[in-house]
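Inspection log for the structure reproduced underneath, given as structure tokens.
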Amino acid sequence: MFNDDQSKQKIASLGGITTRLKNILSWPEFRIFWLILFLLLLTFGVSAVFLTPKWLLLIQGGLVLGIISSAFAGMYLSAKSERENIIERNELRNIIFGLEDSLVVYDTDFKILFFNPAAEKFFNVKAAEILGNQFQPQYADDPKLKLLAQVIFPSLAPAVISRSGAGEYPQVVDVSFSDPKVLNLRIITSPVSDEGGRLLGFMKIVHNRTRELSAIRSKSEFLTIASHQLRSPATDVSWALETLNADDSIKDTSKKILEAAFKASSELLRIIEDLLSVAKIEEGRFGYDFKQTNIVEFITGILGQISPAARKVGVKIYLDTPKVPLPEVVVDAQKLTLALKNILENGVRYNVENGEVVVKVEKVENQPYLEVSVRDTGIGIPRGDMDKLFNKFFRSELAIKAQTEGSGLGLYITRSVIQAHGGRIWAESEENRGSVFHFTLPMDTNLIPRHEISAEDI
Ligand code: ADP
């Protein structure tokens, strides 16, 4: 998939300039000039047949003046259009020359047509040395041209990951090198065609992501180490408090404090687990183990675990399934449990007293997917918060007021799990009326992504 916003913008601005150039060349004022000239000549012809010599002379003079002034107007417009052309060309030039990314343009025979200053600096090759040169894969044997050859022919690079589909443009590939130094590049290739659509060559934008990726890696390494370190003392504290809480010899007043401390330590553990999951997701190593599963049995099992606690807070959970049996789906039961439990627990936590949660499973009409929806009768989600729901650490003001505890990581993890199954997740809600969370799961295993997506892939 194409995901590099910066490069997307650059390509869009180049495309925009080309369109504007075309618009200038087809200005309506040019057509108006020719129309005036034609009308004047026509009037002159008609007058010559029907009028006296005196009137003819007068009209002739007027017409000559008209022609001269429209010629001047035409020249003025043409000069104006030329000026605008120059401004547009300079704008394009400034963008290309100011680009931090390398830009290489070559024709269908791999003859280099353009090499911007950023490319000269990055590849340590002067434009004059290679412009007009027909680039060959063998150039990879020349230490000076090796990197450029691997960029023009990415199959020569040691590690290549394609981010776009076969034959899809712009083509996006990530190439990485570890020798002599670590280098991570994103190469975006777009075809260059003439007005008639004839392919003239290709344009490559080379974005150096080495520093970006190293920042992502060290952030996620920090998160993993910190949550690992926190997990074991937090588990010990939670275990000690639970043991003390079970001791009947402890006074009632102390018991209340102990209960609160145990609840807080359990919440702390939950946050640490969530942080650990986020770190693994962002590194693309959450680890999925897919197996054929009967979805109704799977959901019934989870409801069995959640319903008793929900009943305690006055919320009833129902399951609505179709009469006909549903086909099996291929899921990672552990990860999907995490996702579904999070949606269900939210449905209970953000509910009202005597509220309900209804889980529905059905087949999506004319599509190879099953849909699971979880409807609650709770506090709902403000309209302005709907697009932030699946963001990391997001919690709505309404939810914070109703439930002080929460990490805002649950739905982020849930979305990532559903996407790793090849499904989609979305929500609908009305404040003070309730919410519905929907997700789909493919019935066709070909629709499950083969690899996990990491933060580096985005
Ligand atoms: P947490 O529940 O720990 O805050 P989540 O990521 O699970 O984190 O949810 C993020 C936010 O989405 C919640 O804080 C809440 O604002 C909103 N939300 C999620 N589910 C519901 C729901 N069923 N009803 C109302 N708000 C919800």
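Within each chain, counting starts at residue 1; across the structure tokens, chains are named A, B, ... in the order shown, with ligands numbered 1 upward in that order.
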
| Can you list every residue in range 135-342 of chain A that DSSP puts in strand (DSSP E), as a VMD selection string? | chain A and resid 159 to 162 171 to 177 183 to 193 199 to 208 291 to 293 315 to 320 329 to 331

| field | Selection within 9 Å of ligand 1 by only C-alpha atoms and all ligand atoms, output as JSON, numbers by chain | value | {"A": [271, 342, 343, 344, 345, 346, 347, 348, 349, 350, 351, 374, 375, 376, 377, 378, 379, 380, 381, 382, 385, 386, 388, 389, 390, 391, 392, 393, 394, 395, 396, 397, 398, 399, 400, 403, 404, 405, 406, 407, 408, 409, 410, 411, 412, 413, 414, 427, 429, 431, 434, 435, 436, 437]}

| message | Report, in Å with one decimal, the straight-line distance from CA of Val372 in chain A to CA of Lys360 in chain A. | response | 5.6 Å

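Note that the spacing between CA of Gln292 in chain A and CA of Pro308 in chain A amounts to 28.0 Å.
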
| field | From A:Val192, A:Ile425, A:Val361, A:Met203, residue lying nearest Leu103 in chain A [only C-alpha atoms] | value |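 Of all the options, A:Met203 lies closest to Leu103 in chain A.
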
| query | Between CA of Ser307 in chain A and CA of Ile295 in chain A, what is the spacing in Å? | reply |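 Separating CA of Ile295 in chain A from CA of Ser307 in chain A is a distance of 17.8 Å.
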
| said: Quick one: residues within 12 Å of Ile130 in chain A, only C-alpha atoms, excluding same-chain residues fewer than 6 positions away - as number ranges by chain? | reply: A: 104-106, 110-116, 119-120, 123-124, 136, 139, 144-145, 148-149

I need the chosen residues saved as an mmCIF file, in the first residue's frame, with N, CA, C and O atoms.
data_model
loop_
_atom_site.group_PDB
_atom_site.id
_atom_site.type_symbol
_atom_site.label_atom_id
_atom_site.label_comp_id
_atom_site.auth_asym_id
_atom_site.auth_seq_id
_atom_site.Cartn_x
_atom_site.Cartn_y
_atom_site.Cartn_z
ATOM 1 N N VAL A 104 14.993 10.930 -9.589
ATOM 2 C CA VAL A 104 15.706 10.460 -10.780
ATOM 3 C C VAL A 104 14.657 10.175 -11.849
ATOM 4 O O VAL A 104 13.670 9.497 -11.573
ATOM 5 N N VAL A 105 14.872 10.735 -13.061
ATOM 6 C CA VAL A 105 13.944 10.464 -14.160
ATOM 7 C C VAL A 105 14.736 9.796 -15.271
ATOM 8 O O VAL A 105 15.849 10.233 -15.591
ATOM 9 N N TYR A 106 14.191 8.718 -15.828
ATOM 10 C CA TYR A 106 14.876 8.045 -16.942
ATOM 11 C C TYR A 106 13.855 7.576 -17.962
ATOM 12 O O TYR A 106 12.670 7.425 -17.641
ATOM 13 N N PHE A 110 16.171 3.317 -19.883
ATOM 14 C CA PHE A 110 16.960 3.598 -18.671
ATOM 15 C C PHE A 110 18.026 4.666 -18.905
ATOM 16 O O PHE A 110 19.057 4.694 -18.238
ATOM 17 N N LYS A 111 17.778 5.545 -19.898
ATOM 18 C CA LYS A 111 18.691 6.668 -20.118
ATOM 19 C C LYS A 111 18.304 7.747 -19.111
ATOM 20 O O LYS A 111 17.135 8.167 -19.060
ATOM 21 N N ILE A 112 19.291 8.205 -18.299
ATOM 22 C CA ILE A 112 18.976 9.166 -17.229
ATOM 23 C C ILE A 112 18.691 10.537 -17.839
ATOM 24 O O ILE A 112 19.521 11.086 -18.582
ATOM 25 N N LEU A 113 17.501 11.082 -17.518
ATOM 26 C CA LEU A 113 17.094 12.374 -18.078
ATOM 27 C C LEU A 113 17.161 13.488 -17.056
ATOM 28 O O LEU A 113 17.303 14.652 -17.402
ATOM 29 N N PHE A 114 17.027 13.120 -15.801
ATOM 30 C CA PHE A 114 17.037 14.153 -14.763
ATOM 31 C C PHE A 114 17.557 13.571 -13.449
ATOM 32 O O PHE A 114 17.259 12.431 -13.088
ATOM 33 N N PHE A 115 18.330 14.400 -12.741
ATOM 34 C CA PHE A 115 18.958 13.947 -11.499
ATOM 35 C C PHE A 115 19.037 15.198 -10.624
ATOM 36 O O PHE A 115 19.817 16.110 -10.922
ATOM 37 N N ASN A 116 18.205 15.293 -9.586
ATOM 38 C CA ASN A 116 18.146 16.569 -8.838
ATOM 39 C C ASN A 116 19.331 16.711 -7.859
ATOM 40 O O ASN A 116 20.047 15.726 -7.600
ATOM 41 N N ALA A 119 19.693 14.170 -5.167
ATOM 42 C CA ALA A 119 20.191 12.872 -5.648
ATOM 43 C C ALA A 119 21.707 12.921 -5.796
ATOM 44 O O ALA A 119 22.414 11.970 -5.438
ATOM 45 N N GLU A 120 22.215 14.066 -6.306
ATOM 46 C CA GLU A 120 23.681 14.209 -6.460
ATOM 47 C C GLU A 120 24.362 14.020 -5.111
ATOM 48 O O GLU A 120 25.359 13.312 -4.991
ATOM 49 N N PHE A 123 23.679 10.181 -3.633
ATOM 50 C CA PHE A 123 24.404 9.089 -4.312
ATOM 51 C C PHE A 123 25.878 9.425 -4.551
ATOM 52 O O PHE A 123 26.626 8.595 -5.050
ATOM 53 N N ASN A 124 26.234 10.695 -4.212
ATOM 54 C CA ASN A 124 27.594 11.161 -4.411
ATOM 55 C C ASN A 124 28.029 11.011 -5.878
ATOM 56 O O ASN A 124 29.119 10.529 -6.188
ATOM 57 N N GLN A 136 22.759 0.558 -16.702
ATOM 58 C CA GLN A 136 22.743 -0.900 -16.861
ATOM 59 C C GLN A 136 22.860 -1.561 -15.487
ATOM 60 O O GLN A 136 23.556 -1.027 -14.621
ATOM 61 N N TYR A 139 26.236 -1.799 -13.710
ATOM 62 C CA TYR A 139 26.850 -0.668 -13.008
ATOM 63 C C TYR A 139 26.948 -0.948 -11.513
ATOM 64 O O TYR A 139 27.660 -0.270 -10.796
ATOM 65 N N LYS A 144 31.210 3.171 -7.128
ATOM 66 C CA LYS A 144 30.672 4.542 -7.134
ATOM 67 C C LYS A 144 29.185 4.567 -7.535
ATOM 68 O O LYS A 144 28.412 5.385 -7.059
ATOM 69 N N LEU A 145 28.798 3.635 -8.423
ATOM 70 C CA LEU A 145 27.421 3.658 -8.949
ATOM 71 C C LEU A 145 26.542 2.554 -8.355
ATOM 72 O O LEU A 145 25.358 2.439 -8.680
ATOM 73 N N LEU A 148 23.168 3.597 -6.651
ATOM 74 C CA LEU A 148 22.219 4.126 -7.638
ATOM 75 C C LEU A 148 21.667 2.978 -8.496
ATOM 76 O O LEU A 148 20.463 2.924 -8.777
ATOM 77 N N ALA A 149 22.526 2.040 -8.863
ATOM 78 C CA ALA A 149 22.077 0.895 -9.669
ATOM 79 C C ALA A 149 21.059 0.069 -8.883
ATOM 80 O O ALA A 149 20.055 -0.389 -9.438
#

| message | Env of Glu242 in chain A: 12 Å cut, atoms = only C-alpha atoms, seq-sep filter 2 positions within chain, self excluded. Answer as number ranges by chain. | response | A: 235-240, 244-247, 255, 257-266

| request: Pick out the closest residue to Ala402 in chain A from this set: A:Met443, A:Leu340, A:Leu223, A:Val352. Count only C-alpha atoms. | output: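 Between A:Met443, A:Leu340, A:Leu223, A:Val352, the residue approaching Ala402 in chain A most closely is A:Val352.
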
| note | Residue with the minimum atom-to-atom distance to Asp387 in chain A, picked from A:Asp444, A:Glu428, A:Asp457, A:Asp174 with only C-alpha atoms counted, is A:Glu428

| request: Determine which residues of range 171-398 of chain A DSSP labels as alpha helix (DSSP H) from the backbone of this structure, then write them out as an NGL selection string. | output: :A and (210-245 or 252-282 or 295-312 or 333-349 or 397-398)

| In terms of the shortest atom-to-atom distance over only C-alpha atoms, which of A:Arg83, A:His421, A:Lys146, A:Lys54 is closest to Tyr288 in chain A? |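 Looking at the shortest contact to Tyr288 in chain A, the residue is A:His421.
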
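The list of residues with at least one atom within 9 Å of Thr321 in chain A, based on only C-alpha atoms and without residues fewer than 4 positions apart in the same chain, reads Val296, Pro325, Leu326, Val359, Lys360, Val361 and Glu362 of chain A.
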
Export of the given selection (N, CA and C atoms) as a PDB file, in the first residue's frame:
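Ended up saving to out-v3.pdb:
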ATOM      1  N   VAL A 296     -19.712 -19.172  16.663  1.00  0.00           N
ATOM      2  CA  VAL A 296     -20.784 -19.098  17.675  1.00  0.00           C
ATOM      3  C   VAL A 296     -20.300 -19.731  18.984  1.00  0.00           C
ATOM      4  N   PRO A 325     -26.705 -22.732  10.327  1.00  0.00           N
ATOM      5  CA  PRO A 325     -25.326 -22.732  10.855  1.00  0.00           C
ATOM      6  C   PRO A 325     -24.405 -21.844  10.009  1.00  0.00           C
ATOM      7  N   LEU A 326     -23.470 -21.196  10.686  1.00  0.00           N
ATOM      8  CA  LEU A 326     -22.537 -20.302   9.979  1.00  0.00           C
ATOM      9  C   LEU A 326     -21.280 -21.075   9.609  1.00  0.00           C
ATOM     10  N   VAL A 359     -25.081  -9.199  21.521  1.00  0.00           N
ATOM     11  CA  VAL A 359     -24.064  -9.586  20.533  1.00  0.00           C
ATOM     12  C   VAL A 359     -24.785 -10.300  19.392  1.00  0.00           C
ATOM     13  N   LYS A 360     -24.508  -9.884  18.182  1.00  0.00           N
ATOM     14  CA  LYS A 360     -25.173 -10.501  17.021  1.00  0.00           C
ATOM     15  C   LYS A 360     -24.123 -10.993  16.034  1.00  0.00           C
ATOM     16  N   VAL A 361     -24.330 -12.195  15.508  1.00  0.00           N
ATOM     17  CA  VAL A 361     -23.407 -12.718  14.487  1.00  0.00           C
ATOM     18  C   VAL A 361     -24.232 -13.032  13.253  1.00  0.00           C
ATOM     19  N   GLU A 362     -23.761 -12.639  12.106  1.00  0.00           N
ATOM     20  CA  GLU A 362     -24.483 -12.940  10.865  1.00  0.00           C
ATOM     21  C   GLU A 362     -23.517 -12.956   9.688  1.00  0.00           C
TER      22      GLU A 362
END

| task | Please provide as number ranges by chain all residues within 10 Å of Leu213 in chain A, with the sequence filter that same-chain residues fewer than 6 positions apart are discarded (counting only C-alpha atoms). | result | A: 183-184, 219, 455-457

| field | Contacts of Leu199 in chain A within 9 Å, only C-alpha atoms, excl. fewer than 4 positions in-chain, as a PyMOL selection string | value | chain A and resi 107-108+191-194
